[in-house]
>>> print(open('structure_29.cif').read())   # mmCIF, C-alpha atoms and all ligand atoms
data_protein
#
loop_
_atom_site.label_atom_id
_atom_site.label_comp_id
_atom_site.auth_asym_id
_atom_site.auth_seq_id
_atom_site.Cartn_x
_atom_site.Cartn_y
_atom_site.Cartn_z
CA MET A 1 36.41 29.77 7.78
CA HIS A 2 36.91 29.63 4.04
CA PRO A 3 39.90 27.34 3.18
CA ILE A 4 41.67 30.16 1.31
CA LEU A 5 41.31 32.51 4.29
CA ASN A 6 42.69 29.74 6.45
CA ILE A 7 45.81 29.45 4.28
CA ALA A 8 46.24 33.24 4.31
CA THR A 9 45.95 33.18 8.11
CA ILE A 10 48.54 30.42 8.52
CA ALA A 11 50.95 32.23 6.18
CA ALA A 12 50.46 35.64 7.85
CA LYS A 13 50.98 34.24 11.35
CA GLU A 14 54.09 32.32 10.38
CA ALA A 15 55.61 35.34 8.63
CA GLY A 16 54.55 37.65 11.48
CA GLU A 17 56.18 35.50 14.13
CA PHE A 18 59.37 35.41 12.11
CA ILE A 19 59.37 39.22 11.78
CA ALA A 20 58.71 39.80 15.48
CA ASN A 21 61.58 37.45 16.39
CA GLN A 22 63.97 39.43 14.19
CA LEU A 23 63.33 42.71 16.04
CA GLU A 24 66.16 41.99 18.46
CA HIS A 25 68.62 41.46 15.58
CA ILE A 26 67.94 44.76 13.80
CA ASP A 27 71.57 45.89 14.14
CA ARG A 28 72.79 42.90 12.18
CA LEU A 29 70.34 42.98 9.28
CA ASP A 30 71.17 43.48 5.63
CA ILE A 31 69.26 46.56 4.49
CA GLU A 32 68.99 47.96 0.96
CA GLU A 33 67.64 51.35 -0.09
CA LYS A 34 65.45 50.72 -3.16
CA GLY A 35 65.03 54.46 -3.61
CA ARG A 36 65.06 57.56 -1.43
CA ASN A 37 63.68 56.54 2.01
CA ASP A 38 62.41 53.27 0.53
CA TYR A 39 64.06 50.40 2.42
CA VAL A 40 63.95 46.64 2.21
CA SER A 41 65.68 44.27 4.62
CA GLU A 42 66.41 40.57 4.51
CA VAL A 43 63.48 40.22 6.95
CA ASP A 44 60.99 41.58 4.39
CA LYS A 45 62.36 39.14 1.81
CA HIS A 46 62.41 36.11 4.05
CA ALA A 47 58.89 36.82 5.36
CA GLU A 48 57.71 36.99 1.75
CA ARG A 49 59.35 33.60 1.04
CA ILE A 50 57.52 32.05 4.01
CA ILE A 51 54.20 33.34 2.68
CA ILE A 52 54.79 32.31 -0.94
CA ASP A 53 56.00 28.82 0.09
CA THR A 54 52.82 28.31 2.12
CA ILE A 55 50.59 29.42 -0.76
CA ARG A 56 52.47 27.30 -3.30
CA LYS A 57 52.04 24.21 -1.13
CA TYR A 58 48.25 24.41 -1.53
CA HIS A 59 47.77 26.42 -4.73
CA PRO A 60 50.78 26.12 -7.04
CA ASP A 61 48.65 27.35 -9.95
CA HIS A 62 47.52 30.69 -8.45
CA SER A 63 48.99 34.05 -9.53
CA ILE A 64 51.02 35.99 -6.98
CA LYS A 65 51.77 39.70 -6.79
CA ALA A 66 54.27 40.36 -4.01
CA GLU A 67 56.05 43.58 -3.06
CA GLU A 68 59.59 42.25 -2.98
CA SER A 69 59.61 39.49 -5.59
CA GLY A 70 57.18 40.91 -8.14
CA HIS A 71 54.44 39.38 -10.24
CA HIS A 72 54.19 35.66 -11.03
CA GLN A 73 51.24 35.60 -13.40
CA THR A 74 49.49 32.33 -14.27
CA ASP A 75 46.17 31.78 -16.05
CA SER A 76 44.37 31.13 -12.77
CA ASP A 77 41.38 33.30 -11.76
CA PHE A 78 42.98 33.69 -8.34
CA GLU A 79 45.68 36.16 -7.41
CA TRP A 80 47.39 36.62 -4.04
CA ILE A 81 48.52 40.17 -3.23
CA ILE A 82 51.22 40.18 -0.58
CA ASP A 83 52.94 42.77 1.57
CA PRO A 84 55.21 40.66 3.78
CA LEU A 85 56.07 43.57 6.08
CA ASP A 86 53.95 46.69 5.91
CA GLY A 87 55.72 49.36 7.92
CA THR A 88 59.35 48.51 7.13
CA THR A 89 60.58 51.92 8.31
CA ASN A 90 58.84 51.40 11.67
CA PHE A 91 60.29 47.89 11.94
CA LEU A 92 63.82 49.10 11.22
CA HIS A 93 63.48 51.69 13.98
CA GLN A 94 61.86 49.23 16.40
CA PHE A 95 58.75 51.41 16.36
CA PRO A 96 56.10 48.83 17.23
CA GLN A 97 53.57 49.30 14.42
CA PHE A 98 53.88 46.96 11.42
CA ALA A 99 51.97 44.07 9.92
CA VAL A 100 51.75 41.32 7.34
CA SER A 101 49.09 41.91 4.69
CA ILE A 102 47.71 39.20 2.38
CA ALA A 103 44.72 39.51 0.03
CA VAL A 104 43.22 37.16 -2.53
CA THR A 105 41.28 38.26 -5.59
CA GLU A 106 39.14 36.12 -7.87
CA LYS A 107 38.74 37.49 -11.41
CA GLY A 108 40.05 40.81 -10.08
CA ARG A 109 37.53 41.01 -7.22
CA LEU A 110 38.77 41.15 -3.62
CA MET A 111 37.56 37.96 -1.90
CA HIS A 112 39.71 37.43 1.21
CA GLY A 113 42.05 39.53 3.29
CA VAL A 114 44.18 39.23 6.43
CA VAL A 115 46.26 41.85 8.21
CA TYR A 116 48.34 40.45 11.06
CA ASP A 117 50.03 42.53 13.77
CA PRO A 118 52.50 40.09 15.34
CA LEU A 119 53.44 42.27 18.33
CA ARG A 120 49.86 42.47 19.58
CA ASP A 121 48.84 39.10 18.16
CA GLU A 122 45.95 40.81 16.39
CA LEU A 123 44.64 39.15 13.26
CA PHE A 124 42.18 41.23 11.24
CA SER A 125 40.44 39.14 8.59
CA ALA A 126 37.53 39.10 6.19
CA SER A 127 36.02 37.05 3.40
CA ARG A 128 33.57 38.69 1.03
CA GLY A 129 30.02 38.45 2.38
CA ALA A 130 31.11 36.92 5.70
CA GLY A 131 31.90 40.06 7.76
CA ALA A 132 35.18 41.14 9.32
CA ARG A 133 36.91 39.88 12.44
CA LEU A 134 39.61 40.81 14.90
CA ASN A 135 40.82 37.41 16.11
CA ASN A 136 37.50 35.65 16.85
CA TYR A 137 35.37 38.74 17.31
CA ARG A 138 33.21 40.48 14.72
CA ILE A 139 34.24 44.09 14.17
CA ARG A 140 32.46 47.15 12.80
CA VAL A 141 33.51 50.62 11.73
CA SER A 142 32.72 53.48 14.12
CA GLU A 143 29.40 55.31 14.05
CA GLN A 144 31.04 58.71 14.17
CA LYS A 145 28.93 61.14 12.19
CA THR A 146 30.90 64.36 12.20
CA LEU A 147 34.48 65.20 11.32
CA GLN A 148 34.58 67.47 14.36
CA ASN A 149 34.71 64.52 16.75
CA ALA A 150 36.64 62.18 14.48
CA LEU A 151 40.11 60.73 15.04
CA MET A 152 41.82 60.28 11.68
CA ALA A 153 44.76 58.26 10.41
CA THR A 154 46.87 59.19 7.41
CA GLY A 155 50.15 58.45 5.69
CA ILE A 156 52.60 61.27 5.04
CA PRO A 157 54.60 61.17 1.78
CA TYR A 158 58.22 60.25 2.44
CA TYR A 159 59.46 59.90 -1.14
CA ASP A 160 58.02 60.89 -4.52
CA PHE A 161 57.68 64.45 -3.22
CA GLU A 162 56.01 65.87 -6.35
CA TYR A 163 52.58 65.68 -4.69
CA VAL A 164 53.66 67.03 -1.33
CA ASP A 165 51.85 70.38 -1.68
CA ALA A 166 48.61 68.69 -2.67
CA TYR A 167 48.89 66.36 0.31
CA LEU A 168 49.71 69.19 2.72
CA GLU A 169 46.56 71.06 1.68
CA SER A 170 44.46 68.03 2.59
CA LEU A 171 46.37 67.59 5.86
CA LYS A 172 45.74 71.22 6.76
CA GLN A 173 42.00 70.94 6.16
CA PHE A 174 41.73 67.73 8.19
CA MET A 175 43.79 69.37 10.96
CA LEU A 176 41.35 72.25 11.06
CA THR A 177 38.19 70.15 10.98
CA THR A 178 38.79 66.95 13.00
CA ALA A 179 39.58 65.93 16.59
CA GLY A 180 43.09 64.75 15.69
CA ILE A 181 45.30 62.96 13.19
CA ARG A 182 47.69 60.03 13.65
CA ARG A 183 50.44 58.79 11.30
CA PRO A 184 50.97 55.23 12.57
CA GLY A 185 53.08 54.07 9.60
CA SER A 186 51.41 50.91 8.32
CA ALA A 187 48.69 51.45 5.74
CA ALA A 188 47.37 47.91 6.25
CA LEU A 189 46.92 48.53 9.99
CA ASP A 190 45.47 51.99 9.36
CA LEU A 191 42.70 50.30 7.37
CA ALA A 192 42.29 47.55 9.97
CA TYR A 193 41.90 50.28 12.62
CA VAL A 194 39.15 51.95 10.57
CA ALA A 195 37.46 48.54 10.37
CA CYS A 196 37.36 48.10 14.15
CA GLY A 197 36.59 51.76 14.96
CA ARG A 198 39.92 52.71 16.57
CA VAL A 199 40.08 55.53 14.05
CA ASP A 200 37.08 57.05 12.30
CA GLY A 201 38.65 57.71 8.92
CA TYR A 202 41.87 57.29 6.93
CA TRP A 203 43.29 58.82 3.77
CA GLU A 204 46.58 58.44 1.93
CA MET A 205 47.99 59.02 -1.57
CA ARG A 206 50.06 56.88 -3.91
CA LEU A 207 49.83 53.56 -2.14
CA LYS A 208 50.55 50.19 -3.75
CA PRO A 209 47.97 47.40 -4.11
CA TRP A 210 49.75 45.23 -1.50
CA ASP A 211 49.50 48.05 1.08
CA ILE A 212 45.72 48.25 0.86
CA ALA A 213 44.08 45.21 -0.81
CA ALA A 214 43.50 43.18 2.38
CA GLY A 215 42.65 46.20 4.55
CA ALA A 216 40.15 47.59 2.05
CA LEU A 217 38.12 44.35 2.06
CA ILE A 218 38.27 44.24 5.87
CA VAL A 219 36.85 47.80 6.01
CA THR A 220 33.97 47.07 3.64
CA GLU A 221 33.16 43.80 5.40
CA ALA A 222 33.12 45.75 8.68
CA GLY A 223 30.34 47.93 7.25
CA GLY A 224 32.59 50.75 6.08
CA MET A 225 33.32 52.28 2.71
CA VAL A 226 36.49 52.68 0.69
CA SER A 227 36.87 54.94 -2.32
CA ASP A 228 39.50 56.50 -4.53
CA PHE A 229 39.86 60.30 -4.71
CA LYS A 230 37.20 60.60 -7.43
CA GLY A 231 34.43 58.80 -5.59
CA GLY A 232 35.06 55.56 -7.51
CA ASP A 233 36.46 52.15 -6.63
CA LYS A 234 39.78 52.37 -8.49
CA TYR A 235 41.89 52.67 -5.33
CA LEU A 236 43.99 49.59 -6.09
CA GLU A 237 44.95 51.14 -9.44
CA SER A 238 45.37 54.78 -8.38
CA GLY A 239 46.75 54.11 -4.88
CA ASN A 240 44.72 57.08 -3.62
CA LEU A 241 42.32 56.00 -0.93
CA ILE A 242 39.76 57.21 1.60
CA ALA A 243 38.21 54.82 4.13
CA ALA A 244 35.56 55.45 6.80
CA ASN A 245 31.93 54.75 7.60
CA GLY A 246 29.54 55.95 4.87
CA LYS A 247 28.61 59.26 6.49
CA MET A 248 32.19 60.24 7.27
CA LEU A 249 33.43 59.13 3.87
CA LYS A 250 31.16 61.73 2.24
CA GLU A 251 32.58 64.47 4.45
CA MET A 252 36.13 63.34 3.79
CA ALA A 253 35.55 63.18 0.04
CA LYS A 254 34.41 66.84 0.10
CA ILE A 255 37.71 67.86 1.71
CA ILE A 256 39.76 65.78 -0.73
CA GLY A 257 37.79 67.31 -3.63
CA LYS A 258 38.43 70.82 -2.32
CA THR A 259 42.13 70.42 -1.51
CA ILE A 260 43.71 67.96 -3.95
CA PRO A 261 43.96 69.25 -7.52
CA GLU A 262 42.38 67.10 -10.22
CA GLU A 263 45.73 65.95 -11.68
CA PHE A 264 46.69 64.40 -8.33
CA ARG A 265 43.33 62.72 -7.83
CA ASN A 266 43.77 60.22 -10.70
C1 LIG B 301 54.42 51.66 3.59
C2 LIG B 301 53.50 51.80 4.78
C3 LIG B 301 53.28 53.26 5.12
C4 LIG B 301 52.75 54.03 3.94
C5 LIG B 301 53.66 53.83 2.74
C6 LIG B 301 53.84 52.35 2.43
P1 LIG B 301 56.04 49.48 3.37
O1 LIG B 301 54.61 50.29 3.24
O2 LIG B 301 52.24 51.23 4.52
O3 LIG B 301 52.36 53.43 6.16
O4 LIG B 301 52.69 55.39 4.27
O5 LIG B 301 53.12 54.51 1.65
O6 LIG B 301 54.72 52.22 1.33
O7 LIG B 301 56.93 50.02 2.32
O8 LIG B 301 56.51 49.69 4.74
O9 LIG B 301 55.58 48.09 3.06
CA CA B 302 58.38 48.82 1.00
CA CA B 303 53.45 48.39 2.39
CA CA B 304 56.39 46.08 2.67
#
>>> encode(input="structure_29.cif", output="structure tokens")
Amino acid sequence: MHPILNIATIAAKEAGEFIANQLEHIDRLDIEEKGRNDYVSEVDKHAERIIIDTIRKYHPDHSIKAEESGHHQTDSDFEWIIDPLDGTTNFLHQFPQFAVSIAVTEKGRLMHGVVYDPLRDELFSASRGAGARLNNYRIRVSEQKTLQNALMATGIPYYDFEYVDAYLESLKQFMLTTAGIRRPGSAALDLAYVACGRVDGYWEMRLKPWDIAAGALIVTEAGGMVSDFKGGDKYLESGNLIAANGKMLKEMAKIIGKTIPEEFRN
């Protein structure tokens, strides 16, 4: 295992264990609403501290972009992109679907990623060129060829409602053309599930880089494809993302192109 992936793994597991242990104390947690339906708890913040402290121990010079504490830019080529708790709303409701997501870029290129589900002890990981794993096993995207038989995952807008109509059009088309749609509630795990074939495709709008950086690399290393809503690779910038195997991605892109107006595809 690459030493950087090893550090990411140690950090994700430590943070994940901490989060899982806090589930029983939910009633006593300090919770802030950053914006409408956008919550952060002391658990998110402490998990982020655990991760950053681990990284700093080995790489004090690297840049860090973290959801709760922001951007610490250095002149290093390496940047860590951290979501300490992806699926905060699920966590706060004790809905058992959330994860820690950590990615590392080198000169802006995704190089390593881990997504850790502490309740199932499932660690999804990848380093560029070395394939993707679930714990110690190699994983691959599904071979599903048609939307008709495909199980999809998505994320439903829950704030920033200006693009709700555009999203609903895409949802309607996928409802009418696929075998079913799930809204699990952690973008990082949605991507990890594409990578190991539990779902055949995933789309969501307006995500943040920390939601998707690790998962996107895991999908591509598992033989899948990830694109933005214009067929390009600017998903970290736009936050609009489609992920699937190559064949399915084409079919999904057609639906996105048909249903989401140009101004919402940027
Ligand atoms: C959220 C989750 C959710 C997605 C949201 C994200 P958070 O992340 O990934 O599935 O639909 O867009 O913001 O806020 O729980 O880290
Ligand atoms: Ca959040
Ligand atoms: Ca997130
Ligand atoms: Ca989060």
>>> residues_around(input="structure_29.cif", residues="Arg133 of chain A", least_positions_apart="5", cutoff="12 Å", atoms="all atoms listed in the file", output="JSON, numbers by chain")
{"A": [1, 5, 112, 113, 114, 115, 116, 122, 123, 124, 125, 126, 127, 128, 138, 139, 140, 141, 192, 193, 195, 196, 215, 217, 218, 219, 220, 221, 222, 223]}
>>> atom_distance(input="structure_29.cif", atom1="atom CA of Ser238 of chain A", atom2="atom CA of Ile51 of chain A")
25.7 Å
>>> closest_atom_pairs(input="structure_29.cif", of="chain A", to="ligand CA 302 (chain B)", cutoff="10 Å", atoms="only C-alpha atoms and all ligand atoms", output="tab-separated table")
residue	atom	partner	partner_atom	distance
A:Glu33	CA	B:CA302	CA	9.7
A:Lys34	CA	B:CA302	CA	8.4
A:Gly35	CA	B:CA302	CA	9.9
A:Asn37	CA	B:CA302	CA	9.4
A:Asp38	CA	B:CA302	CA	6.0
A:Tyr39	CA	B:CA302	CA	6.1
A:Val40	CA	B:CA302	CA	6.1
A:Ser41	CA	B:CA302	CA	9.3
A:Asp44	CA	B:CA302	CA	8.4
A:Glu67	CA	B:CA302	CA	7.0
A:Glu68	CA	B:CA302	CA	7.8
A:Asp83	CA	B:CA302	CA	8.2
A:Pro84	CA	B:CA302	CA	9.2
A:Leu85	CA	B:CA302	CA	7.7
A:Asp86	CA	B:CA302	CA	6.9
A:Gly87	CA	B:CA302	CA	7.4
A:Thr88	CA	B:CA302	CA	6.2
A:Thr89	CA	B:CA302	CA	8.2
A:Lys208	CA	B:CA302	CA	9.3
A:Trp210	CA	B:CA302	CA	9.7
A:Asp211	CA	B:CA302	CA	8.9
>>> residues_around(input="structure_29.cif", residues="Lys230 of chain A", least_positions_apart="3", cutoff="9 Å", atoms="only C-alpha atoms", output="PDB file with C-alpha atoms, in the coordinates of the input")
ATOM      1  CA  SER A 227      36.870  54.940  -2.320  1.00  0.00           C
ATOM      2  CA  ASP A 233      36.460  52.150  -6.630  1.00  0.00           C
ATOM      3  CA  LYS A 234      39.780  52.370  -8.490  1.00  0.00           C
ATOM      4  CA  ALA A 253      35.550  63.180   0.040  1.00  0.00           C
ATOM      5  CA  ILE A 256      39.760  65.780  -0.730  1.00  0.00           C
ATOM      6  CA  GLY A 257      37.790  67.310  -3.630  1.00  0.00           C
ATOM      7  CA  GLU A 262      42.380  67.100 -10.220  1.00  0.00           C
ATOM      8  CA  ARG A 265      43.330  62.720  -7.830  1.00  0.00           C
ATOM      9  CA  ASN A 266      43.770  60.220 -10.700  1.00  0.00           C
TER      10      ASN A 266
END
>>> atom_distance(input="structure_29.cif", atom1="atom CA of Val43 of chain A", atom2="atom CA of Ala8 of chain A")
18.8 Å
>>> residues_around(input="structure_29.cif", residues="Glu251 of chain A", least_positions_apart="6", cutoff="10 Å", atoms="all atoms listed in the file", output="list in words")
Lys145, Thr146, Leu147 and Ala244 of chain A
>>> axis_aligned_box(input="structure_29.cif", around="segment 218-233 of chain A", padding_each_side="6 Å", output="lines of an AutoDock Vina configuration file")
center_x = 35.1
center_y = 52.2
center_z = 0.6
size_x = 21.5
size_y = 28.8
size_z = 28.2
>>> atom_distance(input="structure_29.cif", atom1="atom CA of Leu236 of chain A", atom2="atom CA of Glu17 of chain A")
27.5 Å
>>> closest_residue(input="structure_29.cif", among="A:Ala130, A:Ala11, A:Gln73, A:Gly180", to="Ala47 of chain A", atoms="only C-alpha atoms")
A:Ala11
>>> closest_residue(input="structure_29.cif", among="A:Ser186, A:Gln173, A:Thr9, A:Ser76", to="ligand CA 304 (chain B)", atoms="all atoms listed in the file")
A:Ser186
>>> closest_residue(input="structure_29.cif", among="A:Asn245, A:Gly201, A:Pro118, A:Ile255", to="Leu176 of chain A", atoms="all atoms listed in the file")
A:Ile255
>>> closest_residue(input="structure_29.cif", among="A:Glu24, A:Asn135, A:Asp160, A:Asp61", to="Arg36 of chain A", atoms="all atoms listed in the file")
A:Asp160
>>> residues_around(input="structure_29.cif", residues="Ile81 of chain A", least_positions_apart="5", cutoff="8 Å", atoms="only C-alpha atoms", output="list of chain:residue names")
A:Ile64, A:Lys65, A:Ala66, A:Ile102, A:Ala103, A:Val104, A:Thr105, A:Pro209, A:Trp210, A:Ala213
>>> closest_atom_pairs(input="structure_29.cif", of="segment 228-263 of chain A", to="segment 163-166 of chain A", cutoff="8 Å", atoms="all atoms listed in the file", output="tab-separated table")
residue	atom	partner	partner_atom	distance
A:Thr259	CA	A:Ala166	CA	6.8
A:Ile260	CA	A:Ala166	CA	5.1
A:Pro261	CA	A:Ala166	CA	6.7
>>> closest_residue(input="structure_29.cif", among="A:Gly70, A:Gly239, A:Pro3, A:Gly129", to="ligand LIG 301 (chain B)", atoms="all atoms listed in the file")
A:Gly239
>>> residues_around(input="structure_29.cif", residues="Pro60 of chain A", least_positions_apart="6", cutoff="12 Å", atoms="all atoms listed in the file", output="list of chain:residue names")
A:Ile52, A:Asp53, A:Thr54, A:His72, A:Gln73, A:Thr74, A:Asp75, A:Ser76, A:Phe78, A:Glu79, A:Trp80
>>> residues_near_point(input="structure_29.cif", point="(53.0, 45.5, 13.7)", cutoff="6 Å", atoms="only C-alpha atoms", output="number ranges by chain")
A: 96-99, 117-119
>>> closest_residue(input="structure_29.cif", among="A:Gly197, A:Gly185, A:Gly232, A:Gly224", to="His93 of chain A", atoms="all atoms listed in the file")
A:Gly185
>>> decode(input="structure_29.cif", residues="segment 134-144 of chain A", atoms="all heavy atoms", output="compact mmCIF listing (two decimals), in the first residue's frame")
# COMPACT_ATOMS: atom_id res chain seq x y z
N LEU A 134 -12.29 -3.06 -1.60
CA LEU A 134 -13.18 -3.00 -0.43
C LEU A 134 -12.50 -3.91 0.58
O LEU A 134 -12.36 -5.11 0.35
CB LEU A 134 -14.57 -3.51 -0.79
CG LEU A 134 -15.50 -3.88 0.37
CD1 LEU A 134 -15.55 -2.81 1.45
CD2 LEU A 134 -16.90 -4.15 -0.15
N ASN A 135 -12.05 -3.32 1.69
CA ASN A 135 -11.15 -4.01 2.63
C ASN A 135 -10.00 -4.63 1.81
O ASN A 135 -9.35 -3.91 1.07
CB ASN A 135 -11.93 -4.98 3.51
CG ASN A 135 -12.91 -4.20 4.41
OD1 ASN A 135 -12.68 -3.02 4.70
ND2 ASN A 135 -13.98 -4.83 4.84
N ASN A 136 -9.81 -5.95 1.83
CA ASN A 136 -8.65 -6.48 1.10
C ASN A 136 -8.99 -7.01 -0.29
O ASN A 136 -8.14 -7.58 -0.95
CB ASN A 136 -7.99 -7.60 1.91
CG ASN A 136 -7.37 -7.02 3.16
OD1 ASN A 136 -6.81 -5.93 3.13
ND2 ASN A 136 -7.52 -7.74 4.27
N TYR A 137 -10.26 -6.82 -0.69
CA TYR A 137 -10.66 -7.41 -1.97
C TYR A 137 -10.73 -6.38 -3.08
O TYR A 137 -11.23 -5.27 -2.88
CB TYR A 137 -12.03 -8.09 -1.83
CG TYR A 137 -11.99 -9.20 -0.82
CD1 TYR A 137 -12.42 -8.99 0.49
CD2 TYR A 137 -11.47 -10.45 -1.17
CE1 TYR A 137 -12.36 -10.01 1.43
CE2 TYR A 137 -11.40 -11.47 -0.23
CZ TYR A 137 -11.84 -11.25 1.07
OH TYR A 137 -11.76 -12.25 1.99
N ARG A 138 -10.29 -6.77 -4.28
CA ARG A 138 -10.42 -5.90 -5.45
C ARG A 138 -11.91 -5.77 -5.80
O ARG A 138 -12.64 -6.75 -5.73
CB ARG A 138 -9.66 -6.50 -6.65
CG ARG A 138 -8.15 -6.37 -6.52
CD ARG A 138 -7.70 -4.92 -6.62
NE ARG A 138 -7.80 -4.42 -7.97
CZ ARG A 138 -6.78 -4.38 -8.83
NH1 ARG A 138 -5.58 -4.80 -8.48
NH2 ARG A 138 -6.95 -3.91 -10.04
N ILE A 139 -12.32 -4.58 -6.18
CA ILE A 139 -13.71 -4.38 -6.59
C ILE A 139 -13.78 -3.84 -8.02
O ILE A 139 -12.82 -3.23 -8.50
CB ILE A 139 -14.47 -3.41 -5.63
CG1 ILE A 139 -13.67 -2.11 -5.40
CG2 ILE A 139 -14.78 -4.11 -4.32
CD1 ILE A 139 -14.43 -1.07 -4.58
N ARG A 140 -14.94 -4.08 -8.64
CA ARG A 140 -15.18 -3.56 -9.99
C ARG A 140 -16.62 -3.06 -10.10
O ARG A 140 -17.50 -3.54 -9.40
CB ARG A 140 -14.99 -4.67 -11.04
CG ARG A 140 -13.57 -4.83 -11.52
CD ARG A 140 -13.51 -5.60 -12.82
NE ARG A 140 -13.88 -4.79 -13.98
CZ ARG A 140 -13.11 -3.85 -14.51
NH1 ARG A 140 -11.93 -3.57 -14.01
NH2 ARG A 140 -13.52 -3.17 -15.57
N VAL A 141 -16.81 -2.10 -10.97
CA VAL A 141 -18.17 -1.61 -11.23
C VAL A 141 -18.99 -2.74 -11.88
O VAL A 141 -18.42 -3.70 -12.38
CB VAL A 141 -18.16 -0.37 -12.17
CG1 VAL A 141 -17.55 0.82 -11.45
CG2 VAL A 141 -17.44 -0.67 -13.47
N SER A 142 -20.31 -2.58 -11.88
CA SER A 142 -21.16 -3.62 -12.45
C SER A 142 -21.02 -3.64 -13.97
O SER A 142 -20.49 -2.71 -14.58
CB SER A 142 -22.62 -3.36 -12.09
OG SER A 142 -23.19 -2.41 -12.97
N GLU A 143 -21.51 -4.74 -14.55
CA GLU A 143 -21.45 -4.83 -16.02
C GLU A 143 -22.80 -4.55 -16.65
O GLU A 143 -23.04 -4.84 -17.82
CB GLU A 143 -20.94 -6.22 -16.41
CG GLU A 143 -19.45 -6.29 -16.13
CD GLU A 143 -18.85 -7.65 -16.38
OE1 GLU A 143 -19.50 -8.50 -17.00
OE2 GLU A 143 -17.71 -7.83 -15.93
N GLN A 144 -23.69 -3.98 -15.85
CA GLN A 144 -25.03 -3.65 -16.35
C GLN A 144 -24.94 -2.84 -17.64
O GLN A 144 -24.18 -1.88 -17.70
CB GLN A 144 -25.73 -2.80 -15.27
CG GLN A 144 -27.17 -2.56 -15.50
CD GLN A 144 -27.94 -3.86 -15.53
OE1 GLN A 144 -28.34 -4.32 -16.59
NE2 GLN A 144 -28.12 -4.47 -14.37
